[in-house]
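A short write-up of the structure that comes next.
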Amino acid sequence: MIKSNSVVAIYPSHTATEAAINALQESGFDMKKLSIIGRDHSTDEHVVGYYNVGDQMNVWGKTGAFWSGQWESLEGSGFFWVPSLGPLLVAGPLVSWIVRALEGATKVEGLSVIGSSLSSQGMPRDSIVRYEAALKTGKFVLIAYCSPKNAINAQEVLDRTEPESLEHHQ
């Protein structure tokens, strides 16, 4: 199991999440060490699917501009349908950990593929359950992976953005 420092924040909307990402970027945080997980509720636009042709998303839901921007600036992106969590969009290093979990390299009994991926990074089960519950209710989970010194800075920056929840995992 890989252990890493991470700072995890939960936000109620994509606009609040985007403000937090911008604050981290302005503080000099390495954007390649940032992951975002969230849902794209698009029933008001009647979008029922997504497809990618030549690295271009042809159909987006109402948070399309948000996700398009994040997918361009963060390392890795993906769309996953996770039983019990539903459709999730993910950007950042977490994408590769989810793929490993899907391939069976990382499975934790009682947790979704998202939870198993977070567990493989050393996050405690009770925190993972809270993150999955937040995702089920349409919230966004922002994860900053960093050194202990940078984790303190990331936590201070994110605290100023007033997340619903903020945790530092060592």
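Labeling convention for the structure tokens: chains A, B, ... as they appear, residues from 1 per chain, ligands from 1 in order of appearance.
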Exercise. Pick out each residue of range 68-146 of chain A that DSSP on the backbone tags as strand (DSSP E or B); I need them as a ChimeraX atom specification.
Key: /A:77-82,86-91,140-146
Self-check item: Distance query Ile36 in chain A at most 12 Å, only C-alpha atoms, self and fewer than 3 positions along chain excluded, as a PyMOL selection string
Solution: chain A and resi 7-11+13-14+17-18+20-21+31-33+39+66-67+69-71+73-79+88-95+114+131+135+139-145
Quiz prompt | Residue neighbourhood range 148-158 of chain A, 10 Å, only C-alpha atoms, exclusion window fewer than 5 positions, as JSON, numbers by chain | solution = {"A": [4, 5, 6, 7, 8, 9, 17, 19, 20, 21, 23, 24, 25, 26, 27, 28, 29, 30, 142, 143, 163, 165, 166, 167, 168, 169, 170]}
Practice problem: Could you please determine the separation between CA of Ser116 in chain A and CA of Glu162 in chain A in Å, to one decimal place? | Solution: 27.3 Å
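Here CA of Ile98 in chain A is placed at a distance of 10.9 Å from CA of Ser119 in chain A.
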